[in-house]
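Pasting model-v5.cif here (mmCIF, C-alpha atoms):
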data_data
#
loop_
_atom_site.label_atom_id
_atom_site.label_comp_id
_atom_site.auth_asym_id
_atom_site.auth_seq_id
_atom_site.Cartn_x
_atom_site.Cartn_y
_atom_site.Cartn_z
CA LEU A 107 -91.20 -45.52 87.10
CA ASP A 108 -91.55 -42.12 88.78
CA PHE A 109 -92.32 -40.54 85.40
CA ARG A 110 -94.98 -43.14 84.69
CA MET A 111 -96.65 -42.41 88.04
CA LEU A 112 -97.03 -38.68 87.45
CA ASP A 113 -100.64 -37.47 87.50
CA GLU A 114 -100.52 -36.43 83.85
CA ASN A 115 -99.72 -40.06 82.94
CA LYS A 116 -102.37 -41.74 85.08
CA HIS A 117 -104.49 -42.45 82.00
CA ALA A 118 -101.71 -44.61 80.48
CA ARG A 119 -101.82 -48.35 81.01
CA MET A 120 -98.52 -49.91 82.07
CA SER A 121 -97.42 -53.51 81.69
CA ILE A 122 -94.20 -55.52 81.57
CA ALA A 123 -93.79 -58.74 79.60
CA SER A 124 -91.26 -60.25 82.02
CA VAL A 125 -88.97 -58.98 84.77
CA ARG A 126 -85.88 -60.13 86.62
CA THR A 127 -87.06 -61.66 89.88
CA GLY A 128 -84.74 -59.52 92.01
CA THR A 129 -86.22 -56.30 90.64
CA VAL A 130 -89.78 -56.96 91.84
CA THR A 131 -90.48 -54.45 94.62
CA ARG A 132 -93.70 -53.35 96.33
CA GLU A 133 -93.38 -50.06 94.47
CA LEU A 134 -93.11 -51.70 91.07
CA ALA A 135 -95.99 -54.07 91.78
CA GLY A 136 -98.12 -51.20 93.10
CA ALA A 137 -97.37 -49.07 90.06
CA LEU A 138 -98.31 -51.88 87.70
CA ALA A 139 -101.49 -52.68 89.61
CA SER A 140 -102.56 -49.02 89.61
CA ARG A 141 -102.11 -48.90 85.83
CA GLY A 142 -104.28 -51.90 85.05
CA THR A 143 -101.82 -54.78 85.20
CA LYS A 144 -103.02 -57.86 87.07
CA SER A 145 -100.10 -60.26 86.77
CA LEU A 146 -96.33 -60.41 86.61
CA THR A 147 -94.06 -62.92 84.86
CA VAL A 148 -90.65 -64.09 86.03
CA ALA A 149 -88.30 -66.80 84.75
CA VAL A 150 -86.83 -68.98 87.49
CA GLU A 151 -85.60 -71.93 85.33
CA SER A 152 -85.99 -74.31 88.28
CA GLY A 153 -86.92 -74.36 91.94
CA SER A 154 -83.58 -76.00 92.63
CA GLU A 155 -80.68 -73.71 93.45
CA ARG A 156 -78.30 -76.43 92.27
CA VAL A 157 -79.85 -76.50 88.80
CA ARG A 158 -79.88 -72.71 88.62
CA ALA A 159 -76.16 -72.79 89.39
CA ILE A 160 -75.62 -75.24 86.52
CA VAL A 161 -77.24 -72.81 84.06
CA ASN A 162 -75.61 -69.79 85.73
CA LYS A 163 -78.95 -68.32 86.81
CA LYS A 164 -77.94 -66.00 89.62
CA LEU A 165 -81.12 -66.19 91.67
CA SER A 166 -81.76 -67.27 95.26
CA GLN A 167 -84.86 -68.83 96.80
CA GLU A 168 -85.20 -65.76 99.03
CA GLU A 169 -85.42 -63.49 95.98
CA ILE A 170 -88.18 -65.65 94.51
CA TYR A 171 -90.20 -65.59 97.71
CA ALA A 172 -89.66 -61.85 98.13
CA ALA A 173 -90.86 -61.22 94.57
CA ALA A 174 -94.06 -63.16 95.25
CA ALA A 175 -94.68 -61.33 98.53
CA HIS A 176 -94.04 -57.94 96.92
CA ALA A 177 -96.35 -58.77 94.01
CA GLN A 178 -99.19 -59.53 96.42
CA GLU A 179 -98.48 -56.55 98.67
CA GLY A 180 -98.47 -54.26 95.65
CA GLY A 181 -101.93 -55.35 94.63
CA LEU A 182 -101.23 -57.75 91.78
CA GLU A 183 -103.49 -60.75 91.44
CA ALA A 184 -101.32 -63.35 89.73
CA LEU A 185 -97.73 -64.46 89.29
CA LYS A 186 -96.50 -66.48 86.31
CA LEU A 187 -93.24 -68.37 86.60
CA TYR A 188 -91.36 -70.08 83.80
CA GLY A 189 -88.97 -72.98 84.15
CA MET A 190 -87.58 -76.08 82.53
CA VAL A 191 -87.00 -79.77 83.10
CA GLY A 192 -84.32 -81.99 81.62
CA LEU A 193 -81.46 -79.58 82.19
CA VAL A 194 -78.01 -81.11 82.27
CA GLY A 195 -77.36 -82.77 85.63
CA GLU A 196 -80.96 -82.56 86.82
CA GLU A 197 -82.21 -85.20 89.26
CA ASP A 198 -85.62 -86.05 90.69
CA ALA A 199 -84.68 -84.18 93.86
CA ASP A 200 -84.44 -80.98 91.80
CA VAL A 201 -88.02 -81.46 90.59
CA ASP A 202 -89.09 -81.98 94.20
CA ALA A 203 -87.35 -78.68 95.01
CA THR A 204 -89.53 -76.92 92.43
CA ILE A 205 -92.67 -78.33 94.03
CA GLU A 206 -91.40 -77.22 97.43
CA MET A 207 -90.70 -73.74 96.03
CA PHE A 208 -94.36 -73.37 95.10
CA LYS A 209 -95.43 -74.52 98.56
CA GLN A 210 -93.35 -71.73 100.06
CA ILE A 211 -94.70 -69.17 97.57
CA ARG A 212 -98.20 -70.21 98.63
CA LYS A 213 -97.26 -69.43 102.24
CA VAL A 214 -95.79 -65.97 101.59
CA ALA A 215 -98.41 -64.95 98.99
CA PRO A 216 -101.55 -67.02 99.55
CA ARG A 217 -103.84 -64.74 97.52
CA LEU A 218 -101.85 -64.85 94.28
CA ARG A 219 -103.00 -67.03 91.40
CA LEU A 220 -99.95 -69.03 90.41
CA THR A 221 -99.05 -70.31 86.96
CA TYR A 222 -96.02 -72.40 86.03
CA GLY A 223 -95.09 -72.68 82.39
CA CYS A 224 -92.54 -75.46 81.97
CA SER A 225 -90.64 -76.57 78.89
CA THR A 226 -88.18 -79.37 78.22
CA PHE A 227 -84.52 -78.49 77.72
CA VAL A 228 -83.65 -78.39 74.01
CA PRO A 229 -80.00 -77.89 72.92
CA LYS A 230 -79.32 -74.75 70.90
CA ALA A 231 -76.38 -73.97 68.63
CA HIS A 232 -73.62 -71.67 69.92
CA THR A 233 -74.50 -72.23 73.59
CA PRO A 234 -72.58 -74.15 76.30
CA PHE A 235 -75.26 -76.86 76.24
CA GLN A 236 -75.18 -77.55 72.50
CA TRP A 237 -73.35 -80.81 73.17
CA TYR A 238 -76.12 -82.30 75.35
CA GLY A 239 -79.28 -84.01 74.14
CA VAL A 240 -82.83 -84.02 75.42
CA SER A 241 -83.16 -85.97 78.64
CA LYS A 242 -85.22 -89.14 78.36
CA GLU A 243 -86.36 -88.44 81.94
CA ALA A 244 -87.94 -85.10 81.04
CA ASP A 245 -91.41 -86.43 80.19
CA ARG A 246 -91.62 -88.31 83.49
CA ARG A 247 -90.48 -85.23 85.37
CA LEU A 248 -93.16 -83.12 83.72
CA ASN A 249 -95.65 -85.63 85.11
CA MET A 250 -94.01 -85.35 88.54
CA LEU A 251 -94.58 -81.60 88.45
CA GLN A 252 -98.16 -82.01 87.33
CA LYS A 253 -98.93 -84.39 90.20
CA GLY A 254 -97.20 -82.13 92.71
CA LEU A 255 -98.46 -78.72 91.60
CA ARG A 256 -102.05 -79.10 90.47
CA PRO A 257 -103.37 -80.32 93.86
CA MET A 258 -102.13 -77.07 95.43
CA GLY A 259 -103.97 -74.99 92.82
CA VAL A 260 -101.03 -74.07 90.61
CA ASP A 261 -102.00 -73.72 86.95
CA PHE A 262 -99.35 -75.99 85.46
CA ARG A 263 -98.77 -75.48 81.73
CA PRO A 264 -96.17 -77.88 80.31
CA GLU A 265 -94.96 -77.64 76.75
CA SER A 266 -95.28 -80.80 74.69
CA TYR A 267 -92.40 -83.19 75.34
CA LYS A 268 -92.96 -84.79 71.94
CA TRP A 269 -92.56 -81.48 70.14
CA SER A 270 -89.42 -80.81 72.18
CA LEU A 271 -87.97 -83.88 70.47
CA VAL A 272 -88.79 -82.39 67.07
CA GLN A 273 -87.26 -79.06 68.13
CA ALA A 274 -84.07 -80.82 69.19
CA MET A 275 -83.86 -82.71 65.91
CA LEU A 276 -84.19 -79.47 63.95
CA SER A 277 -81.81 -77.64 66.28
CA ARG A 278 -79.00 -80.19 65.97
CA GLY A 279 -79.70 -81.46 62.48
CA ASP A 280 -77.22 -81.46 59.60
CA ARG A 281 -77.62 -81.46 55.82
CA ARG A 282 -78.39 -85.20 55.85
CA LEU A 283 -81.79 -84.37 57.32
CA GLY A 284 -83.04 -82.76 54.10
CA PRO A 285 -84.76 -85.84 52.64
CA VAL A 286 -86.25 -86.66 56.07
CA LEU A 287 -87.83 -83.22 56.33
CA ILE A 288 -89.36 -83.49 52.87
CA SER A 289 -90.81 -86.93 53.65
CA ALA A 290 -92.15 -85.78 57.04
CA ARG A 291 -93.94 -82.88 55.38
CA ASP A 292 -95.74 -85.31 53.10
CA TYR A 293 -96.69 -87.49 56.08
CA GLY A 294 -98.28 -84.69 58.09
CA ASP A 295 -95.65 -82.96 60.24
CA THR A 296 -96.33 -84.87 63.47
CA LEU A 297 -93.74 -86.65 65.62
CA GLY A 298 -94.98 -89.90 64.10
CA SER A 299 -94.41 -88.40 60.66
CA PHE A 300 -90.78 -87.73 61.47
CA ARG A 301 -90.27 -91.23 62.87
CA ARG A 302 -91.81 -92.72 59.73
CA ALA A 303 -89.57 -90.52 57.56
CA PHE A 304 -86.47 -91.70 59.42
CA LYS A 305 -87.48 -95.30 58.73
CA ASP A 306 -87.84 -94.48 55.04
CA HIS A 307 -84.27 -93.21 54.94
CA LYS A 308 -82.72 -95.77 57.27
CA GLY A 309 -79.11 -96.46 56.33
CA ASN A 310 -78.60 -93.06 54.73
CA VAL A 311 -79.34 -90.90 57.78
CA PRO A 312 -78.44 -91.40 61.46
CA GLU A 313 -81.36 -92.47 63.63
CA MET A 314 -83.51 -89.79 65.23
CA GLU A 315 -82.04 -90.70 68.64
CA TYR A 316 -78.64 -89.49 67.46
CA TYR A 317 -79.90 -85.97 66.82
CA VAL A 318 -82.23 -85.78 69.80
CA HIS A 319 -80.74 -87.61 72.78
CA SER A 320 -77.01 -88.06 72.22
CA ASP A 321 -74.50 -86.35 74.51
CA MET A 322 -71.09 -85.34 73.22
CA THR A 323 -67.83 -84.36 74.87
CA PRO A 324 -67.51 -80.58 74.42
CA GLY A 325 -65.09 -79.74 71.64
CA GLU A 326 -64.43 -83.37 70.67
CA LYS A 327 -66.05 -83.31 67.23
CA SER A 328 -67.14 -80.73 64.67
CA LEU A 329 -70.78 -79.66 64.81
CA PRO A 330 -72.90 -78.85 61.74
CA TRP A 331 -72.93 -75.12 62.54
CA GLN A 332 -69.30 -74.83 63.62
CA HIS A 333 -68.29 -72.98 60.44
CA LEU A 334 -70.66 -70.16 61.38
CA GLN A 335 -69.43 -67.42 63.69
CA GLY A 336 -71.47 -67.21 66.86
CA PRO A 337 -71.44 -64.62 69.65
CA LEU A 338 -68.84 -66.59 71.63
CA PRO A 339 -65.82 -68.59 70.42
CA GLU A 340 -65.91 -72.36 70.89
CA GLN A 341 -63.23 -72.35 73.59
CA THR A 342 -65.36 -70.00 75.68
CA LEU A 343 -68.38 -72.27 75.23
CA ILE A 344 -66.29 -75.26 76.30
CA LYS A 345 -65.13 -73.38 79.39
CA HIS A 346 -68.72 -72.45 80.29
CA ALA A 347 -69.83 -76.08 79.78
CA GLU A 348 -67.09 -77.30 82.10
CA GLU A 349 -68.07 -74.70 84.71
CA ALA A 350 -71.70 -75.85 84.49
CA LEU A 351 -70.74 -79.50 84.96
CA SER A 352 -68.70 -78.58 88.05
CA HIS A 353 -72.06 -78.09 89.81
CA VAL A 354 -73.37 -81.54 88.84
#
Translate this file's structure into C-alpha cells.
Amino acid sequence: LDFRMLDENKHARMSIASVRTGTVTRELAGALASRGTKSLTVAVESGSERVRAIVNKKLSQEEIYAAAAHAQEGGLEALKLYGMVGLVGEEDADVDATIEMFKQIRKVAPRLRLTYGCSTFVPKAHTPFQWYGVSKEADRRLNMLQKGLRPMGVDFRPESYKWSLVQAMLSRGDRRLGPVLISARDYGDTLGSFRRAFKDHKGNVPEMEYYVHSDMTPGEKSLPWQHLQGPLPEQTLIKHAEEALSHV
C-alpha cells in the first residue's frame, strides 16, 4: 500500500475486487478513494453470527460495522456486501439479523450506498455441505430480505432461486442424468425444461427433488464424485460437517 501511494505512482488507478472485512481500514479506503475507486466489496455470508459460525466464517458484527465506517471515513462512496440464504440450520431469525445488520450499517455509515448481493445455498462436491440439499425456505427468505432491505434504500440483488435449483441438480447429479440433460436442451434450457425432461424419463431417473432438496447423513452412502480425489479426505469433511451442525 505504501508503494502504491508514492508520488511516482499517483497516476496509477488502484482497485480491489473483494477484501476480507477485517482488513478494511481508513488508510486502505483512503488509498483506494484517492486512486479512483468508489466502492468496496466484502463477503459476510449472513448478518447472523450463528450462521457465520455454522459455515466457519470468522467474522464479528463489530468488524462489519467498523469496515463500513472506515470505508466512509476514507472517502469511498459505496459498499457491496455478499451473502447467502438457505444455509444449513438457518432460521427466519437469522434473516431478521441480516436486516438488522444493514440498519446498523446505515447508522455508522449513513452516506454509503449499500448493495447486498444474495444467493441461495447450493451444495458443492468435496465440501462439508455436499450432503445437504437446497432449502425449500430459501425463496421465501429472499422475499423477506427484499421487503426488509429495499425500504431502507439498500440495493438488494438476489440471484434466481429457480436457477439455484438447476445448479444444485447439476452439482449433485450422477450419470443417470445424461438423458435428462439432452432432453432439457431440446426443450429450451429453462427450469420448466428440466422438469419436463424429468417427466419424460420418469421411472428411469430419480425425481428432481432427490438431486436438489434431499439431505443425507454425512458418510452414510457413496456420492457420485467420491471416486475422485478432492482437496480434503472424506473423514475430514465429515468432521467439519459435524462441527458445523454443533452450532445449529
Task: Which of A:Ala244, A:Leu338, A:Leu218, A:Met275 sits closest to Val201 in chain A [using all atoms listed in the file] - done: A:Ala244
Residue neighbourhood Leu182 in chain A, 10 Å, only C-alpha atoms, exclusion window fewer than 6 positions, as a CSV table (one decimal) with C-alpha atoms, in the frame of the given file:
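Contents of out35.csv, as written:
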chain,number,residue,atom,x,y,z
A,132,ARG,CA,-93.7,-53.4,96.3
A,135,ALA,CA,-96.0,-54.1,91.8
A,136,GLY,CA,-98.1,-51.2,93.1
A,137,ALA,CA,-97.4,-49.1,90.1
A,138,LEU,CA,-98.3,-51.9,87.7
A,139,ALA,CA,-101.5,-52.7,89.6
A,140,SER,CA,-102.6,-49.0,89.6
A,142,GLY,CA,-104.3,-51.9,85.0
A,143,THR,CA,-101.8,-54.8,85.2
A,144,LYS,CA,-103.0,-57.9,87.1
A,145,SER,CA,-100.1,-60.3,86.8
A,146,LEU,CA,-96.3,-60.4,86.6
A,174,ALA,CA,-94.1,-63.2,95.2
A,176,HIS,CA,-94.0,-57.9,96.9
A,217,ARG,CA,-103.8,-64.7,97.5
A,218,LEU,CA,-101.8,-64.8,94.3
A,219,ARG,CA,-103.0,-67.0,91.4
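Residue membership of the PyMOL selection byres ((chain A and resi 295-305) around 10) in the shown file amounts to Lys268, Trp269, Ser270, Leu271, Val272, Met275, Leu283, Pro285, Val286, Leu287, Ile288, Ser289, Ala290, Arg291, Asp292, Tyr293, Gly294, Asp306, His307, Lys308, Gly309, Asn310, Val311, Pro312, Glu313 and Met314 of chain A.
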Task: Residue among A:Glu265, A:Glu348, A:Glu168, A:Glu179 lying closest to Leu248 in chain A, counting only C-alpha atoms - done: A:Glu265
- [ ] Considering only C-alpha atoms, state which residue in the set A:Val148, A:Val354, A:Leu276, A:Ala231 is at the smallest distance from Gly336 in chain A.
- [x]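 Closest candidate: A:Ala231.
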Task: Nearest to Gly181 in chain A, chosen from A:Ala215, A:Leu193, A:Ala350, A:Ile205, with all atoms listed in the file counted in the distances - done: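 Under the stated criterion, the closest residue is A:Ala215.
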TODO: Between A:Ile344, A:Val191, A:Ile170, A:Cys224, single out the one closest to Glu243 in chain A, counting all atoms listed in the file.
DONE: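 With all atoms listed in the file as the atom set, the closest residue is A:Val191.
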TODO: Grab the CA of Gln341 in chain A to CA of Gly325 in chain A distance for me, in Å with one decimal place.
DONE: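 Separation between CA of Gln341 in chain A and CA of Gly325 in chain A: 7.9 Å.
Going from CA of Ser277 in chain A to CA of Trp237 in chain A covers 11.4 Å.
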TODO: List the residues matched by the PyMOL selection byres ((chain A and resi 222) around 9) in the displayed structure as number ranges by chain, ordered by chain and then by residue number.
DONE: A: 185-189, 220-221, 223-224, 255, 260-264
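The coordinates place CA of Met258 in chain A at 18.9 Å from CA of Ala199 in chain A.
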Open item on the list: Since I can't run it myself right now, could you work out what the PyMOL selection byres ((chain A and resi 324) around 12) selects here and report it as a PyMOL selection string?
Closed with: chain A and resi 232-238+321-323+325-329+340-351
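Considering all atoms listed in the file, the residue among A:Met207, A:Glu183, A:Arg282, A:Leu134 positioned nearest to Ser166 in chain A is A:Met207.
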Report the centre and edge lengths, in Å to one decimal, of an axis-aligned box enclosing every atom of range 191-210 of chain A listed in the file, padded by 6 Å on each side, as JSON.
{"center_x": -86.4, "center_y": -78.9, "center_z": 90.8, "size_x": 30.1, "size_y": 26.3, "size_z": 30.4}
Task: Polymer residues at most 10 Å from Gly195 in chain A, all atoms listed in the file, same-chain spacing of 4 or more positions, as a ChimeraX atom specification - done: /A:156-157,160,200,241,350-354
Those residues with C-alpha atoms, as a PDB file, in the coordinates of the input please?
ATOM      1  CA  ARG A 156     -78.300 -76.430  92.270  1.00  0.00           C
ATOM      2  CA  VAL A 157     -79.850 -76.500  88.800  1.00  0.00           C
ATOM      3  CA  ILE A 160     -75.620 -75.240  86.520  1.00  0.00           C
ATOM      4  CA  ASP A 200     -84.440 -80.980  91.800  1.00  0.00           C
ATOM      5  CA  SER A 241     -83.160 -85.970  78.640  1.00  0.00           C
ATOM      6  CA  ALA A 350     -71.700 -75.850  84.490  1.00  0.00           C
ATOM      7  CA  LEU A 351     -70.740 -79.500  84.960  1.00  0.00           C
ATOM      8  CA  SER A 352     -68.700 -78.580  88.050  1.00  0.00           C
ATOM      9  CA  HIS A 353     -72.060 -78.090  89.810  1.00  0.00           C
ATOM     10  CA  VAL A 354     -73.370 -81.540  88.840  1.00  0.00           C
TER      11      VAL A 354
END
Some atoms are missing, so please complete range 147-183 of chain A with N, CA and C atoms and return it as an mmCIF file, in the coordinates of the input.
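Produced file out-v2.cif, reproduced below:
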data_model
loop_
_atom_site.group_PDB
_atom_site.id
_atom_site.type_symbol
_atom_site.label_atom_id
_atom_site.label_comp_id
_atom_site.auth_asym_id
_atom_site.auth_seq_id
_atom_site.Cartn_x
_atom_site.Cartn_y
_atom_site.Cartn_z
ATOM 1 N N THR A 147 -94.709 -61.699 85.343
ATOM 2 C CA THR A 147 -94.060 -62.920 84.860
ATOM 3 C C THR A 147 -92.581 -62.883 85.179
ATOM 4 N N VAL A 148 -92.079 -63.985 85.739
ATOM 5 C CA VAL A 148 -90.650 -64.090 86.030
ATOM 6 C C VAL A 148 -90.163 -65.470 85.571
ATOM 7 N N ALA A 149 -88.915 -65.525 85.156
ATOM 8 C CA ALA A 149 -88.300 -66.800 84.750
ATOM 9 C C ALA A 149 -87.384 -67.262 85.877
ATOM 10 N N VAL A 150 -87.654 -68.445 86.393
ATOM 11 C CA VAL A 150 -86.830 -68.980 87.490
ATOM 12 C C VAL A 150 -85.975 -70.158 87.048
ATOM 13 N N GLU A 151 -86.288 -70.749 85.899
ATOM 14 C CA GLU A 151 -85.600 -71.930 85.330
ATOM 15 C C GLU A 151 -85.884 -73.197 86.106
ATOM 16 N N SER A 152 -85.754 -73.135 87.434
ATOM 17 C CA SER A 152 -85.990 -74.310 88.280
ATOM 18 C C SER A 152 -86.152 -73.849 89.717
ATOM 19 N N GLY A 153 -86.836 -74.653 90.517
ATOM 20 C CA GLY A 153 -86.920 -74.360 91.940
ATOM 21 C C GLY A 153 -85.716 -74.842 92.711
ATOM 22 N N SER A 154 -84.795 -75.465 92.016
ATOM 23 C CA SER A 154 -83.580 -76.000 92.630
ATOM 24 C C SER A 154 -82.429 -75.025 92.443
ATOM 25 N N GLU A 155 -81.828 -74.615 93.541
ATOM 26 C CA GLU A 155 -80.680 -73.710 93.450
ATOM 27 C C GLU A 155 -79.507 -74.389 92.764
ATOM 28 N N ARG A 156 -79.392 -75.703 92.908
ATOM 29 C CA ARG A 156 -78.300 -76.430 92.270
ATOM 30 C C ARG A 156 -78.426 -76.369 90.742
ATOM 31 N N VAL A 157 -79.642 -76.566 90.239
ATOM 32 C CA VAL A 157 -79.850 -76.500 88.800
ATOM 33 C C VAL A 157 -79.647 -75.078 88.286
ATOM 34 N N ARG A 158 -80.090 -74.101 89.047
ATOM 35 C CA ARG A 158 -79.880 -72.710 88.620
ATOM 36 C C ARG A 158 -78.392 -72.385 88.568
ATOM 37 N N ALA A 159 -77.613 -72.988 89.447
ATOM 38 C CA ALA A 159 -76.160 -72.790 89.390
ATOM 39 C C ALA A 159 -75.575 -73.413 88.132
ATOM 40 N N ILE A 160 -76.098 -74.569 87.735
ATOM 41 C CA ILE A 160 -75.620 -75.240 86.520
ATOM 42 C C ILE A 160 -75.805 -74.339 85.304
ATOM 43 N N VAL A 161 -76.952 -73.661 85.226
ATOM 44 C CA VAL A 161 -77.240 -72.810 84.060
ATOM 45 C C VAL A 161 -76.842 -71.354 84.312
ATOM 46 N N ASN A 162 -76.128 -71.128 85.408
ATOM 47 C CA ASN A 162 -75.610 -69.790 85.730
ATOM 48 C C ASN A 162 -76.734 -68.765 85.901
ATOM 49 N N LYS A 163 -77.835 -69.202 86.487
ATOM 50 C CA LYS A 163 -78.950 -68.320 86.810
ATOM 51 C C LYS A 163 -78.732 -67.800 88.223
ATOM 52 N N LYS A 164 -78.291 -66.571 88.329
ATOM 53 C CA LYS A 164 -77.940 -66.000 89.620
ATOM 54 C C LYS A 164 -79.211 -65.518 90.322
ATOM 55 N N LEU A 165 -79.834 -66.446 91.039
ATOM 56 C CA LEU A 165 -81.120 -66.190 91.670
ATOM 57 C C LEU A 165 -81.260 -67.084 92.898
ATOM 58 N N SER A 166 -81.608 -66.491 94.022
ATOM 59 C CA SER A 166 -81.760 -67.270 95.260
ATOM 60 C C SER A 166 -83.239 -67.542 95.544
ATOM 61 N N GLN A 167 -83.488 -68.532 96.396
ATOM 62 C CA GLN A 167 -84.860 -68.830 96.800
ATOM 63 C C GLN A 167 -85.484 -67.610 97.473
ATOM 64 N N GLU A 168 -84.687 -66.921 98.302
ATOM 65 C CA GLU A 168 -85.200 -65.760 99.030
ATOM 66 C C GLU A 168 -85.694 -64.680 98.075
ATOM 67 N N GLU A 169 -84.984 -64.490 96.962
ATOM 68 C CA GLU A 169 -85.420 -63.490 95.980
ATOM 69 C C GLU A 169 -86.739 -63.887 95.339
ATOM 70 N N ILE A 170 -86.924 -65.178 95.097
ATOM 71 C CA ILE A 170 -88.180 -65.650 94.510
ATOM 72 C C ILE A 170 -89.335 -65.411 95.473
ATOM 73 N N TYR A 171 -89.133 -65.762 96.726
ATOM 74 C CA TYR A 171 -90.200 -65.590 97.710
ATOM 75 C C TYR A 171 -90.494 -64.106 97.939
ATOM 76 N N ALA A 172 -89.466 -63.289 97.951
ATOM 77 C CA ALA A 172 -89.660 -61.850 98.130
ATOM 78 C C ALA A 172 -90.438 -61.259 96.960
ATOM 79 N N ALA A 173 -90.139 -61.712 95.750
ATOM 80 C CA ALA A 173 -90.860 -61.220 94.570
ATOM 81 C C ALA A 173 -92.347 -61.545 94.673
ATOM 82 N N ALA A 174 -92.661 -62.768 95.110
ATOM 83 C CA ALA A 174 -94.060 -63.160 95.250
ATOM 84 C C ALA A 174 -94.752 -62.314 96.315
ATOM 85 N N ALA A 175 -94.090 -62.133 97.449
ATOM 86 C CA ALA A 175 -94.680 -61.330 98.530
ATOM 87 C C ALA A 175 -94.896 -59.894 98.077
ATOM 88 N N HIS A 176 -93.911 -59.324 97.384
ATOM 89 C CA HIS A 176 -94.040 -57.940 96.920
ATOM 90 C C HIS A 176 -95.146 -57.809 95.873
ATOM 91 N N ALA A 177 -95.289 -58.808 95.021
ATOM 92 C CA ALA A 177 -96.350 -58.770 94.010
ATOM 93 C C ALA A 177 -97.716 -58.709 94.683
ATOM 94 N N GLN A 178 -97.912 -59.525 95.711
ATOM 95 C CA GLN A 178 -99.190 -59.530 96.420
ATOM 96 C C GLN A 178 -99.391 -58.235 97.191
ATOM 97 N N GLU A 179 -98.370 -57.784 97.879
ATOM 98 C CA GLU A 179 -98.480 -56.550 98.670
ATOM 99 C C GLU A 179 -98.755 -55.333 97.793
ATOM 100 N N GLY A 180 -98.250 -55.376 96.556
ATOM 101 C CA GLY A 180 -98.470 -54.260 95.650
ATOM 102 C C GLY A 180 -99.830 -54.250 94.988
ATOM 103 N N GLY A 181 -100.579 -55.312 95.164
ATOM 104 C CA GLY A 181 -101.930 -55.350 94.630
ATOM 105 C C GLY A 181 -102.107 -56.168 93.370
ATOM 106 N N LEU A 182 -101.073 -56.870 92.939
ATOM 107 C CA LEU A 182 -101.230 -57.750 91.780
ATOM 108 C C LEU A 182 -102.015 -58.997 92.162
ATOM 109 N N GLU A 183 -102.629 -59.610 91.172
ATOM 110 C CA GLU A 183 -103.490 -60.750 91.440
ATOM 111 C C GLU A 183 -102.860 -62.090 91.087
#
